[in-house]
$ cat my_file.csv   # CSV, C-alpha atoms
chain,number,residue,atom,x,y,z
U,1,MET,CA,-195.8,174.4,128.6
U,2,GLU,CA,-192.8,172.4,129.7
U,3,PRO,CA,-189.5,174.3,129.5
U,4,GLY,CA,-187.2,173.1,126.7
U,5,THR,CA,-183.4,173.0,126.5
U,6,LEU,CA,-183.2,176.7,125.5
U,7,ALA,CA,-185.3,177.7,128.5
U,8,TRP,CA,-183.2,175.7,130.9
U,9,LEU,CA,-180.0,177.2,129.4
U,10,GLY,CA,-181.5,180.7,129.8
U,11,PHE,CA,-182.5,180.1,133.4
U,12,GLY,CA,-179.1,178.6,134.1
U,13,TRP,CA,-177.2,181.6,132.6
U,14,TRP,CA,-179.4,184.1,134.5
U,15,SER,CA,-178.8,182.2,137.7
U,16,PHE,CA,-175.1,182.0,137.1
U,17,GLY,CA,-174.7,185.7,136.4
U,18,SER,CA,-176.9,186.7,139.3
U,19,ALA,CA,-174.9,184.4,141.6
U,20,ILE,CA,-171.6,186.1,140.5
U,21,GLN,CA,-173.1,189.5,141.1
U,22,TRP,CA,-174.1,188.7,144.7
U,23,ALA,CA,-171.0,186.6,145.4
U,24,SER,CA,-168.7,189.4,144.3
U,25,ALA,CA,-170.6,191.9,146.5
U,26,ALA,CA,-170.4,189.5,149.5
U,27,LEU,CA,-166.7,189.0,149.1
U,28,ALA,CA,-165.8,192.6,148.5
U,29,ARG,CA,-168.0,194.6,150.9
U,30,LYS,CA,-166.0,194.2,154.1
U,31,PRO,CA,-162.3,194.5,154.8
U,32,ARG,CA,-160.5,191.2,155.0
U,33,ARG,CA,-158.2,192.3,157.9
U,34,ASN,CA,-157.2,195.6,159.6
U,35,PHE,CA,-153.5,196.1,160.1
U,36,ALA,CA,-152.0,198.4,162.7
U,37,ALA,CA,-150.2,201.4,161.3
U,38,SER,CA,-146.6,201.6,162.4
U,39,HIS,CA,-144.8,203.9,159.8
U,40,ARG,CA,-144.0,207.5,160.5
U,41,ALA,CA,-144.2,210.4,158.1
U,42,SER,CA,-140.4,210.4,157.6
U,43,ASP,CA,-140.6,206.8,156.3
U,44,PHE,CA,-142.5,207.8,153.1
U,45,SER,CA,-141.5,209.0,149.7
U,46,ILE,CA,-144.5,209.9,147.5
U,47,VAL,CA,-144.0,210.2,143.7
U,48,ALA,CA,-146.7,212.3,142.2
U,49,PRO,CA,-146.7,212.4,138.3
U,50,MET,CA,-148.6,215.2,136.6
U,51,ALA,CA,-149.4,216.0,133.0
U,52,GLY,CA,-151.4,219.2,132.3
U,53,ALA,CA,-153.2,221.7,134.5
U,54,GLU,CA,-156.1,219.3,135.1
U,55,ASP,CA,-153.8,217.1,137.2
U,56,ALA,CA,-152.7,220.0,139.4
U,57,THR,CA,-156.0,220.8,141.1
U,58,ALA,CA,-155.9,223.1,144.2
U,59,VAL,CA,-157.2,220.4,146.5
U,60,TYR,CA,-154.7,217.8,145.2
U,61,VAL,CA,-151.7,220.1,145.4
U,62,GLN,CA,-152.7,221.2,148.9
U,63,ALA,CA,-153.0,217.5,150.0
U,64,LEU,CA,-149.5,216.9,148.8
U,65,ARG,CA,-148.3,220.0,150.5
U,66,ARG,CA,-149.8,218.9,153.8
U,67,LEU,CA,-148.0,215.6,153.5
U,68,ALA,CA,-144.7,217.3,152.9
U,69,GLU,CA,-145.2,219.6,155.8
U,70,ALA,CA,-145.9,216.6,158.0
U,71,GLY,CA,-142.5,215.1,157.0
U,72,VAL,CA,-143.3,213.0,153.9
U,73,GLU,CA,-140.9,213.3,150.9
U,74,VAL,CA,-143.1,214.4,148.0
U,75,LEU,CA,-141.7,214.3,144.5
U,76,ILE,CA,-143.8,215.9,141.8
U,77,CYS,CA,-142.9,214.8,138.3
U,78,VAL,CA,-143.5,216.6,135.0
U,79,ALA,CA,-142.1,215.8,131.6
U,80,HIS,CA,-141.3,219.4,130.6
U,81,ALA,CA,-140.6,222.6,132.4
U,82,ASP,CA,-143.5,224.3,130.6
U,83,ASP,CA,-146.0,221.6,131.4
U,84,GLY,CA,-149.4,222.9,132.2
U,85,ALA,CA,-149.2,221.5,135.8
U,86,VAL,CA,-146.2,223.6,136.8
U,87,ALA,CA,-148.0,227.0,137.1
U,88,PRO,CA,-150.9,225.8,139.3
U,89,VAL,CA,-148.5,223.8,141.5
U,90,ARG,CA,-146.4,226.9,142.0
U,91,ALA,CA,-149.4,229.0,142.7
U,92,HIS,CA,-150.6,226.7,145.5
U,93,TRP,CA,-147.2,225.5,146.7
U,94,PRO,CA,-144.4,227.9,145.7
U,95,GLU,CA,-141.6,225.8,147.1
U,96,ALA,CA,-142.9,222.5,145.8
U,97,PRO,CA,-140.2,220.0,144.7
U,98,ILE,CA,-140.8,219.5,141.0
U,99,LEU,CA,-138.6,217.1,139.0
U,100,VAL,CA,-138.5,217.8,135.2
U,101,GLY,CA,-137.5,215.3,132.5
U,102,GLN,CA,-138.7,212.3,130.6
U,103,ASP,CA,-137.4,208.9,129.5
U,104,ASP,CA,-138.0,207.4,126.0
U,105,THR,CA,-139.6,204.0,126.7
U,106,PHE,CA,-143.0,202.9,125.3
U,107,ASN,CA,-144.9,204.0,128.4
U,108,PRO,CA,-145.3,207.8,128.6
U,109,LYS,CA,-146.5,207.7,132.2
U,110,MET,CA,-143.4,205.8,133.3
U,111,ASN,CA,-141.2,208.1,131.2
U,112,ASN,CA,-142.4,210.8,133.5
U,113,VAL,CA,-142.3,208.7,136.7
U,114,ARG,CA,-138.8,207.2,136.4
U,115,LYS,CA,-136.9,210.2,137.8
U,116,GLY,CA,-139.2,210.3,140.8
U,117,LEU,CA,-138.7,206.6,141.6
U,118,GLU,CA,-135.0,206.9,141.2
U,119,ALA,CA,-134.9,210.0,143.5
U,120,ALA,CA,-137.1,208.5,146.2
U,121,SER,CA,-134.9,207.9,149.3
U,122,ARG,CA,-137.3,206.9,152.1
U,123,PRO,CA,-137.9,203.3,153.3
U,124,VAL,CA,-141.4,203.2,151.8
U,125,VAL,CA,-142.1,204.5,148.3
U,126,GLY,CA,-145.6,205.3,147.0
U,127,LEU,CA,-146.7,206.1,143.4
U,128,CYS,CA,-149.8,208.2,143.5
U,129,ASP,CA,-152.4,208.8,140.8
U,130,ALA,CA,-153.2,212.4,140.2
U,131,GLY,CA,-156.1,213.9,142.1
U,132,ILE,CA,-156.3,211.4,145.0
U,133,GLN,CA,-156.9,213.0,148.4
U,134,LEU,CA,-154.4,211.4,150.7
U,135,SER,CA,-153.8,212.4,154.4
U,136,LEU,CA,-150.9,211.2,156.5
U,137,ASP,CA,-153.2,209.0,158.6
U,138,GLU,CA,-154.6,207.4,155.5
U,139,LEU,CA,-151.1,206.9,154.1
U,140,ARG,CA,-149.9,205.2,157.3
U,141,ARG,CA,-153.0,203.0,157.4
U,142,ALA,CA,-152.7,202.1,153.7
U,143,ALA,CA,-149.0,201.1,154.1
U,144,ALA,CA,-149.6,199.0,157.3
U,145,PRO,CA,-149.4,195.6,155.6
U,146,LEU,CA,-145.9,196.3,154.5
U,147,ALA,CA,-144.7,196.1,158.1
U,148,GLU,CA,-146.0,192.5,158.3
U,149,GLY,CA,-144.3,191.3,155.2
U,150,ALA,CA,-146.4,192.2,152.2
U,151,GLY,CA,-144.4,193.0,149.1
U,152,LEU,CA,-146.8,195.5,147.7
U,153,VAL,CA,-150.0,197.3,148.7
U,154,LEU,CA,-152.4,198.9,146.3
U,155,ALA,CA,-154.9,201.4,147.8
U,156,LEU,CA,-157.8,201.7,145.4
U,157,LYS,CA,-159.4,205.1,144.7
U,158,ALA,CA,-163.0,205.8,145.7
U,159,ALA,CA,-164.5,208.2,143.2
U,160,GLU,CA,-166.8,210.8,144.9
U,161,ALA,CA,-168.4,214.2,144.3
U,162,PRO,CA,-169.5,213.8,140.7
U,163,ALA,CA,-170.8,217.1,139.4
U,164,ASN,CA,-172.7,215.8,136.4
U,165,PHE,CA,-174.1,212.5,135.1
U,166,ALA,CA,-171.1,211.7,133.0
U,167,ALA,CA,-169.0,211.9,136.2
U,168,GLU,CA,-171.6,209.7,137.9
U,169,ILE,CA,-171.2,207.1,135.2
U,170,GLU,CA,-167.4,207.2,135.7
U,171,ARG,CA,-168.0,206.7,139.5
U,172,ALA,CA,-170.2,203.7,138.6
U,173,TYR,CA,-167.2,202.2,136.7
U,174,ILE,CA,-164.6,203.0,139.4
U,175,ASP,CA,-166.6,202.2,142.6
U,176,GLY,CA,-169.5,199.9,141.7
U,177,HIS,CA,-167.8,197.7,139.1
U,178,GLN,CA,-164.0,197.8,139.2
U,179,ALA,CA,-163.5,198.1,143.0
U,180,ARG,CA,-166.1,195.4,143.6
U,181,PHE,CA,-164.5,192.8,141.3
U,182,LEU,CA,-161.0,193.7,142.4
U,183,PHE,CA,-161.7,193.4,146.1
U,184,ALA,CA,-163.5,190.1,145.5
U,185,ALA,CA,-160.6,188.7,143.5
U,186,ASP,CA,-158.1,189.9,146.1
U,187,ARG,CA,-160.2,188.2,148.8
U,188,LEU,CA,-159.8,184.9,146.9
U,189,GLY,CA,-156.0,185.4,146.8
U,190,LEU,CA,-155.7,186.4,143.1
U,191,ALA,CA,-153.2,188.9,141.9
U,192,VAL,CA,-155.1,192.1,141.0
U,193,ALA,CA,-153.9,195.6,139.8
U,194,SER,CA,-155.5,199.0,139.2
U,195,GLY,CA,-154.9,202.7,139.6
U,196,GLY,CA,-154.7,204.4,143.0
U,197,VAL,CA,-151.6,204.6,145.3
U,198,THR,CA,-149.0,201.8,144.9
U,199,LEU,CA,-146.9,201.3,148.0
U,200,MET,CA,-143.8,199.1,148.5
U,201,THR,CA,-140.6,199.2,150.5
U,202,HIS,CA,-137.5,200.9,148.9
U,203,GLU,CA,-135.8,197.6,149.1
U,204,THR,CA,-138.5,195.8,147.1
U,205,LEU,CA,-138.4,198.7,144.5
U,206,GLN,CA,-134.7,198.1,144.0
U,207,ARG,CA,-135.2,194.3,143.8
U,208,ILE,CA,-137.6,194.7,140.9
U,209,GLY,CA,-135.3,197.0,139.0
U,210,ASN,CA,-136.8,200.2,140.2
U,211,TRP,CA,-138.8,201.7,137.2
U,212,ARG,CA,-138.1,198.6,135.1
U,213,GLY,CA,-140.4,196.6,137.3
U,214,PHE,CA,-143.3,198.8,136.1
U,215,ASN,CA,-142.5,198.4,132.4
U,216,ARG,CA,-142.5,194.7,131.7
U,217,TRP,CA,-146.1,194.7,130.6
U,218,ILE,CA,-148.2,197.3,128.8
U,219,ALA,CA,-150.0,198.2,132.1
U,220,ASP,CA,-147.6,199.6,134.7
U,221,ASP,CA,-149.9,198.6,137.6
U,222,TYR,CA,-150.2,195.0,136.4
U,223,SER,CA,-146.5,194.9,135.6
U,224,VAL,CA,-145.4,195.9,139.1
U,225,VAL,CA,-147.7,193.4,140.7
U,226,ARG,CA,-146.2,190.6,138.6
U,227,SER,CA,-142.7,191.9,139.2
U,228,VAL,CA,-143.2,191.8,143.0
U,229,ARG,CA,-144.9,188.4,143.0
U,230,ALA,CA,-142.0,187.0,140.9
U,231,LEU,CA,-139.8,187.7,144.0
U,232,GLY,CA,-142.0,185.4,146.0
U,233,LEU,CA,-143.6,188.3,147.9
U,234,SER,CA,-147.3,188.8,148.4
U,235,THR,CA,-149.4,191.7,147.0
U,236,HIS,CA,-152.6,193.0,148.5
U,237,LEU,CA,-155.3,195.5,147.9
U,238,GLY,CA,-155.4,198.0,150.8
U,239,GLU,CA,-158.6,197.8,152.8
U,240,LEU,CA,-158.7,201.6,152.8
U,241,MET,CA,-160.1,203.4,149.7
U,242,LEU,CA,-158.7,206.8,149.0
U,243,ARG,CA,-161.0,209.7,147.9
U,244,LEU,CA,-160.9,210.9,144.3
U,245,PRO,CA,-163.1,213.9,143.7
U,246,LEU,CA,-164.4,213.8,140.2
U,247,GLY,CA,-166.1,217.1,139.6
U,248,GLU,CA,-167.4,217.5,136.0
U,249,ARG,CA,-166.6,215.0,133.3
U,250,SER,CA,-167.4,214.9,129.6
U,251,TRP,CA,-169.0,211.8,128.3
U,252,GLN,CA,-166.3,211.6,125.6
U,253,THR,CA,-163.6,211.6,128.3
U,254,VAL,CA,-165.3,208.9,130.4
U,255,TRP,CA,-166.0,206.7,127.4
U,256,ARG,CA,-162.4,207.0,126.0
U,257,ARG,CA,-161.0,206.1,129.4
U,258,GLN,CA,-163.1,202.9,129.6
U,259,VAL,CA,-162.2,201.9,126.0
U,260,ARG,CA,-158.5,202.5,126.7
U,261,TRP,CA,-158.6,200.4,129.8
U,262,ALA,CA,-160.5,197.6,128.1
U,263,ARG,CA,-158.0,197.5,125.2
U,264,THR,CA,-155.1,197.6,127.6
U,265,ARG,CA,-156.5,194.6,129.6
U,266,LEU,CA,-157.0,192.7,126.3
U,267,ARG,CA,-153.2,192.8,125.9
U,268,LEU,CA,-152.6,191.2,129.3
U,269,PRO,CA,-152.9,187.6,130.4
U,270,VAL,CA,-156.3,188.5,132.0
U,271,TRP,CA,-157.9,189.1,128.6
U,272,PRO,CA,-160.4,186.2,128.9
U,273,LEU,CA,-162.0,187.9,131.9
U,274,VAL,CA,-162.4,191.1,129.8
U,275,LEU,CA,-164.4,189.1,127.2
U,276,TRP,CA,-166.3,187.4,130.0
U,277,GLU,CA,-167.6,190.6,131.7
U,278,PRO,CA,-170.4,191.5,129.3
U,279,ALA,CA,-171.7,187.9,129.3
U,280,ILE,CA,-172.4,187.9,133.0
U,281,GLY,CA,-173.6,191.5,133.2
U,282,TRP,CA,-177.1,192.8,133.9
U,283,ALA,CA,-178.1,193.2,130.2
U,284,VAL,CA,-177.1,189.7,128.9
U,285,THR,CA,-178.2,187.8,132.0
U,286,GLY,CA,-181.5,189.7,132.0
U,287,LEU,CA,-182.1,188.9,128.3
U,288,ALA,CA,-181.2,185.2,129.0
U,289,GLY,CA,-183.8,185.0,131.8
U,290,ALA,CA,-186.4,186.8,129.7
U,291,GLY,CA,-185.7,184.5,126.8
U,292,ALA,CA,-186.1,181.5,129.1
U,293,LEU,CA,-189.5,182.7,130.2
U,294,VAL,CA,-190.6,183.3,126.6
U,295,CYS,CA,-189.5,179.8,125.7
U,296,SER,CA,-191.5,178.5,128.6
U,297,GLY,CA,-194.7,180.2,127.4
U,298,ALA,CA,-194.8,183.1,129.8
U,299,ASN,CA,-196.8,186.1,128.7
U,300,ALA,CA,-195.5,189.7,128.2
U,301,THR,CA,-196.6,190.8,131.7
U,302,LEU,CA,-194.8,188.1,133.5
U,303,VAL,CA,-191.6,188.7,131.4
U,304,ALA,CA,-191.8,192.5,132.2
U,305,VAL,CA,-192.2,191.8,135.9
U,306,ALA,CA,-189.3,189.4,135.9
U,307,LEU,CA,-187.1,192.0,134.2
U,308,VAL,CA,-188.0,194.6,136.8
U,309,LEU,CA,-187.2,192.1,139.7
U,310,HIS,CA,-184.0,191.2,138.0
U,311,THR,CA,-183.0,194.8,137.8
U,312,VAL,CA,-183.9,195.6,141.4
U,313,ALA,CA,-182.0,192.5,142.7
U,314,TRP,CA,-179.0,193.5,140.6
U,315,LEU,CA,-178.9,197.0,142.0
U,316,LEU,CA,-179.5,195.8,145.5
U,317,ALA,CA,-176.4,193.7,145.3
U,318,GLU,CA,-174.3,196.6,144.1
U,319,ARG,CA,-175.8,198.9,146.8
U,320,TRP,CA,-175.0,196.2,149.4
U,321,PHE,CA,-171.3,196.3,148.4
U,322,MET,CA,-171.2,200.1,148.2
U,323,THR,CA,-172.7,200.6,151.6
U,324,GLY,CA,-170.4,198.0,153.1
U,325,ARG,CA,-167.4,200.1,151.9
U,326,GLY,CA,-168.9,203.3,153.2
U,327,LEU,CA,-169.8,204.5,149.6
U,328,SER,CA,-173.1,206.2,148.8
U,329,PHE,CA,-175.6,204.7,146.4
U,330,GLY,CA,-178.6,206.8,145.6
U,331,LEU,CA,-181.0,207.0,142.6
U,332,ARG,CA,-178.4,208.7,140.4
U,333,ALA,CA,-175.9,206.1,141.2
U,334,ALA,CA,-178.4,203.4,140.4
U,335,ALA,CA,-179.2,205.0,137.0
U,336,ALA,CA,-175.5,205.3,136.2
U,337,ALA,CA,-175.0,201.7,137.1
U,338,LEU,CA,-177.7,200.6,134.6
U,339,VAL,CA,-176.2,202.8,131.9
U,340,ARG,CA,-172.8,201.2,132.6
U,341,GLU,CA,-174.3,197.7,132.4
U,342,ALA,CA,-176.3,198.4,129.2
U,343,LEU,CA,-173.1,199.7,127.5
U,344,ALA,CA,-171.0,196.7,128.5
U,345,PRO,CA,-171.5,194.8,125.2
U,346,VAL,CA,-170.9,198.1,123.2
U,347,LEU,CA,-167.7,198.7,125.2
U,348,ILE,CA,-166.2,195.3,124.5
U,349,VAL,CA,-167.0,195.7,120.8
U,350,ASN,CA,-165.2,199.1,120.7
U,351,ALA,CA,-162.3,197.6,122.5
U,352,LEU,CA,-162.0,194.7,120.0
U,353,VAL,CA,-162.3,196.7,116.8
U,354,GLY,CA,-159.3,199.0,117.5
U,355,ARG,CA,-155.7,198.6,118.5
U,356,SER,CA,-154.8,202.2,119.4
U,357,ILE,CA,-154.6,203.0,123.1
U,358,TYR,CA,-154.3,206.8,123.4
U,359,TRP,CA,-153.0,208.2,126.7
U,360,ARG,CA,-152.2,211.9,127.1
U,361,GLY,CA,-151.6,212.2,123.3
U,362,SER,CA,-149.5,209.1,122.9
U,363,ASP,CA,-150.5,205.8,121.4
U,364,LEU,CA,-149.4,203.4,124.1
U,365,GLY,CA,-150.7,200.4,122.1
U,366,GLY,CA,-148.6,201.3,119.1
U,367,GLN,CA,-145.5,202.0,121.1
U,368,TRP,CA,-146.0,198.6,122.9
U,369,ARG,CA,-146.3,196.8,119.6
U,370,ASP,CA,-143.1,198.6,118.3
U,371,ARG,CA,-141.3,197.4,121.4
U,372,GLN,CA,-142.4,193.8,120.9
U,373,VAL,CA,-141.4,193.9,117.2
U,374,ALA,CA,-138.0,195.3,118.1
U,375,GLY,CA,-137.5,192.6,120.7
U,376,GLU,CA,-138.4,189.9,118.3
U,377,ASP,CA,-136.0,191.4,115.7
U,378,ARG,CA,-133.2,191.3,118.3
U,379,GLN,CA,-133.9,187.7,119.1
U,380,ARG,CA,-133.8,186.7,115.4
U,381,ASP,CA,-130.6,188.6,115.0
U,382,ALA,CA,-129.1,186.9,118.0
U,383,ALA,CA,-130.2,183.5,116.8
U,384,SER,CA,-128.7,184.0,113.4
U,385,GLY,CA,-125.4,185.3,114.8
U,386,LYS,CA,-125.9,188.9,113.6
U,387,SER,CA,-124.5,191.8,115.6
U,388,VAL,CA,-124.7,195.6,115.4
$ encode --input "my_file.csv" --output "structure tokens"
Amino acid sequence: MEPGTLAWLGFGWWSFGSAIQWASAALARKPRRNFAASHRASDFSIVAPMAGAEDATAVYVQALRRLAEAGVEVLICVAHADDGAVAPVRAHWPEAPILVGQDDTFNPKMNNVRKGLEAASRPVVGLCDAGIQLSLDELRRAAAPLAEGAGLVLALKAAEAPANFAAEIERAYIDGHQARFLFAADRLGLAVASGGVTLMTHETLQRIGNWRGFNRWIADDYSVVRSVRALGLSTHLGELMLRLPLGERSWQTVWRRQVRWARTRLRLPVWPLVLWEPAIGWAVTGLAGAGALVCSGANATLVAVALVLHTVAWLLAERWFMTGRGLSFGLRAAAAALVREALAPVLIVNALVGRSIYWRGSDLGGQWRDRQVAGEDRQRDAASGKSV
């Protein structure tokens, strides 16, 4: 039976999605360039926001303590004096510098971070996500591009040590999916942003308005990249990935985090890419290829064999990327990757049907909308000559 139009469309879509899978792995698997570290410990200020006891794990607090003992200025930030993070921090580091207080902007994270960014006094300032294991050597290596003119460096986190399958799925999102596409996009010269450790010079921080440079868009990591690029400076992903031990995760926590991140990206200029992701994923491209075979008259056995080969090739591409970055990829990781891919269409539907973006008990989406409405009201009042 000669393939018809639908069959050719199916084969084309499968080929396109598979090509993107392998191309992203090829672009992302090796560092673009290694920079020589030149900064000293005394050059760094690290702002470490925490909210709740889960952010103040023993290994994380000890890592921050070691940085401080080496000469790094470490500034731990909490919103309230009775925050759940304070007691475990004091238990593991009695003399830890803890800054208390919060701002009242739409972004609860930056409300906590502002005081740390304003207090930072060293030539290089870093904003560190909770839980990341950061040594002085890794910090110096991550910041190395700043000495050669980069405006901002973002060191991605490499999730490790998942203690249950839900955590393994979160690792599949962080390492196998997000890091792969971010590194590939950065390799192509595109502006990318994500969580991890954000590093820039103190001068650049002041030029973007300090904390204000993080609050111009709903996502602070995207906002700071855009703010730095608006100065005509380059932004890069660091070639070094920093370890983030996951431990146990609940499925609810993992799923809510992915829905929150998808909804956040849908409110950024990159929203078409968010809609595009499921269409080029394992599930949709596999179904397109299977449908093409059916339209061509293939029997069930051939279709089943083709789907198995499609799955194996897809996982091999991800494994190729992961091993290139020094990340493990065993049978559990492969199973988690398939779960992630199968849920991609469900994830985008969940992201589209709701507007709330809950983060640590606050609706970031609602507060962002309120800010936009208030800004529009002020513009209308200014245009009509009203004043308050």
$ closest_residue --input "my_file.csv" --among "U:Pro123, U:Gly326, U:Gly291, U:Gly209" --to "Trp8 in chain U" --atoms "only C-alpha atoms"
U:Gly291
$ residues_around --input "my_file.csv" --residues "range 335-349 of chain U" --least-positions-apart "6" --cutoff "8 Å" --atoms "only C-alpha atoms" --output "ChimeraX atom specification"
/U:165,168-169,172-173,176,258-259,262,274-275,277-278,281-283,315
$ closest_residue --input "my_file.csv" --among "U:Val47, U:Leu307, U:Ala25, U:Leu199" --to "Pro145 in chain U" --atoms "all atoms listed in the file"
U:Leu199
$ residues_around --input "my_file.csv" --residues "Trp251 in chain U" --least-positions-apart "2" --cutoff "9 Å" --atoms "all atoms listed in the file" --output "PyMOL selection string"
chain U and resi 165-167+169-170+249+253-256
$ residues_around --input "my_file.csv" --residues "range 149-160 of chain U" --least-positions-apart "3" --cutoff "6 Å" --atoms "only C-alpha atoms" --output "list in words"
Pro145, Leu146, Arg171, Asp175, Gly196, Val197, Thr198, Leu199, Met200, Leu233, Ser234, Thr235, His236, Leu237, Gly238, Met241, Leu242, Arg243, Leu244 and Pro245 of chain U
$ atom_distance --input "my_file.csv" --atom1 "CA of Gly126 in chain U" --atom2 "CA of Ile46 in chain U"
4.8 Å
$ decode --input "my_file.csv" --residues "range 268-275 of chain U" --atoms "all heavy atoms" --output "mmCIF file, in the first residue's frame"
data_model
loop_
_atom_site.group_PDB
_atom_site.id
_atom_site.type_symbol
_atom_site.label_atom_id
_atom_site.label_comp_id
_atom_site.auth_asym_id
_atom_site.auth_seq_id
_atom_site.Cartn_x
_atom_site.Cartn_y
_atom_site.Cartn_z
ATOM 1 N N LEU U 268 5.439 34.330 30.152
ATOM 2 C CA LEU U 268 6.666 34.953 29.659
ATOM 3 C C LEU U 268 6.663 34.945 28.135
ATOM 4 O O LEU U 268 5.890 34.208 27.510
ATOM 5 C CB LEU U 268 7.881 34.185 30.178
ATOM 6 C CG LEU U 268 8.097 34.166 31.695
ATOM 7 C CD1 LEU U 268 9.225 33.213 32.058
ATOM 8 C CD2 LEU U 268 8.376 35.561 32.222
ATOM 9 N N PRO U 269 7.512 35.744 27.501
ATOM 10 C CA PRO U 269 7.577 35.739 26.034
ATOM 11 C C PRO U 269 7.945 34.394 25.417
ATOM 12 O O PRO U 269 7.798 34.210 24.208
ATOM 13 C CB PRO U 269 8.656 36.788 25.743
ATOM 14 C CG PRO U 269 8.611 37.723 26.905
ATOM 15 C CD PRO U 269 8.320 36.842 28.085
ATOM 16 N N VAL U 270 8.414 33.443 26.226
ATOM 17 C CA VAL U 270 8.781 32.119 25.708
ATOM 18 C C VAL U 270 7.590 31.169 25.667
ATOM 19 O O VAL U 270 7.755 29.976 25.410
ATOM 20 C CB VAL U 270 9.905 31.492 26.549
ATOM 21 C CG1 VAL U 270 11.169 32.333 26.489
ATOM 22 C CG2 VAL U 270 9.458 31.297 28.006
ATOM 23 N N TRP U 271 6.373 31.666 25.887
ATOM 24 C CA TRP U 271 5.211 30.779 25.996
ATOM 25 C C TRP U 271 4.992 29.879 24.780
ATOM 26 O O TRP U 271 4.510 28.741 24.948
ATOM 27 C CB TRP U 271 3.944 31.592 26.291
ATOM 28 C CG TRP U 271 3.538 32.554 25.196
ATOM 29 C CD1 TRP U 271 3.868 33.870 25.094
ATOM 30 C CD2 TRP U 271 2.723 32.251 24.063
ATOM 31 N NE1 TRP U 271 3.325 34.413 23.970
ATOM 32 C CE2 TRP U 271 2.607 33.444 23.314
ATOM 33 C CE3 TRP U 271 2.083 31.108 23.602
ATOM 34 C CZ2 TRP U 271 1.880 33.515 22.132
ATOM 35 C CZ3 TRP U 271 1.355 31.171 22.424
ATOM 36 C CH2 TRP U 271 1.250 32.363 21.704
ATOM 37 N N PRO U 272 5.309 30.291 23.526
ATOM 38 C CA PRO U 272 5.109 29.340 22.421
ATOM 39 C C PRO U 272 5.918 28.060 22.574
ATOM 40 O O PRO U 272 5.470 26.981 22.175
ATOM 41 C CB PRO U 272 5.552 30.144 21.186
ATOM 42 C CG PRO U 272 5.385 31.571 21.574
ATOM 43 C CD PRO U 272 5.755 31.599 23.023
ATOM 44 N N LEU U 273 7.115 28.170 23.162
ATOM 45 C CA LEU U 273 7.948 26.984 23.358
ATOM 46 C C LEU U 273 7.319 26.028 24.370
ATOM 47 O O LEU U 273 7.475 24.808 24.263
ATOM 48 C CB LEU U 273 9.344 27.387 23.816
ATOM 49 C CG LEU U 273 10.154 28.233 22.835
ATOM 50 C CD1 LEU U 273 11.501 28.608 23.452
ATOM 51 C CD2 LEU U 273 10.355 27.490 21.523
ATOM 52 N N VAL U 274 6.607 26.578 25.348
ATOM 53 C CA VAL U 274 5.949 25.747 26.346
ATOM 54 C C VAL U 274 4.852 24.908 25.688
ATOM 55 O O VAL U 274 4.690 23.723 25.970
ATOM 56 C CB VAL U 274 5.357 26.618 27.471
ATOM 57 C CG1 VAL U 274 4.759 25.743 28.572
ATOM 58 C CG2 VAL U 274 6.424 27.538 28.053
ATOM 59 N N LEU U 275 4.097 25.533 24.798
ATOM 60 C CA LEU U 275 3.050 24.813 24.075
ATOM 61 C C LEU U 275 3.635 23.795 23.102
ATOM 62 O O LEU U 275 3.010 22.773 22.803
ATOM 63 C CB LEU U 275 2.168 25.808 23.320
ATOM 64 C CG LEU U 275 1.418 26.838 24.169
ATOM 65 C CD1 LEU U 275 0.685 27.820 23.271
ATOM 66 C CD2 LEU U 275 0.444 26.157 25.120
#
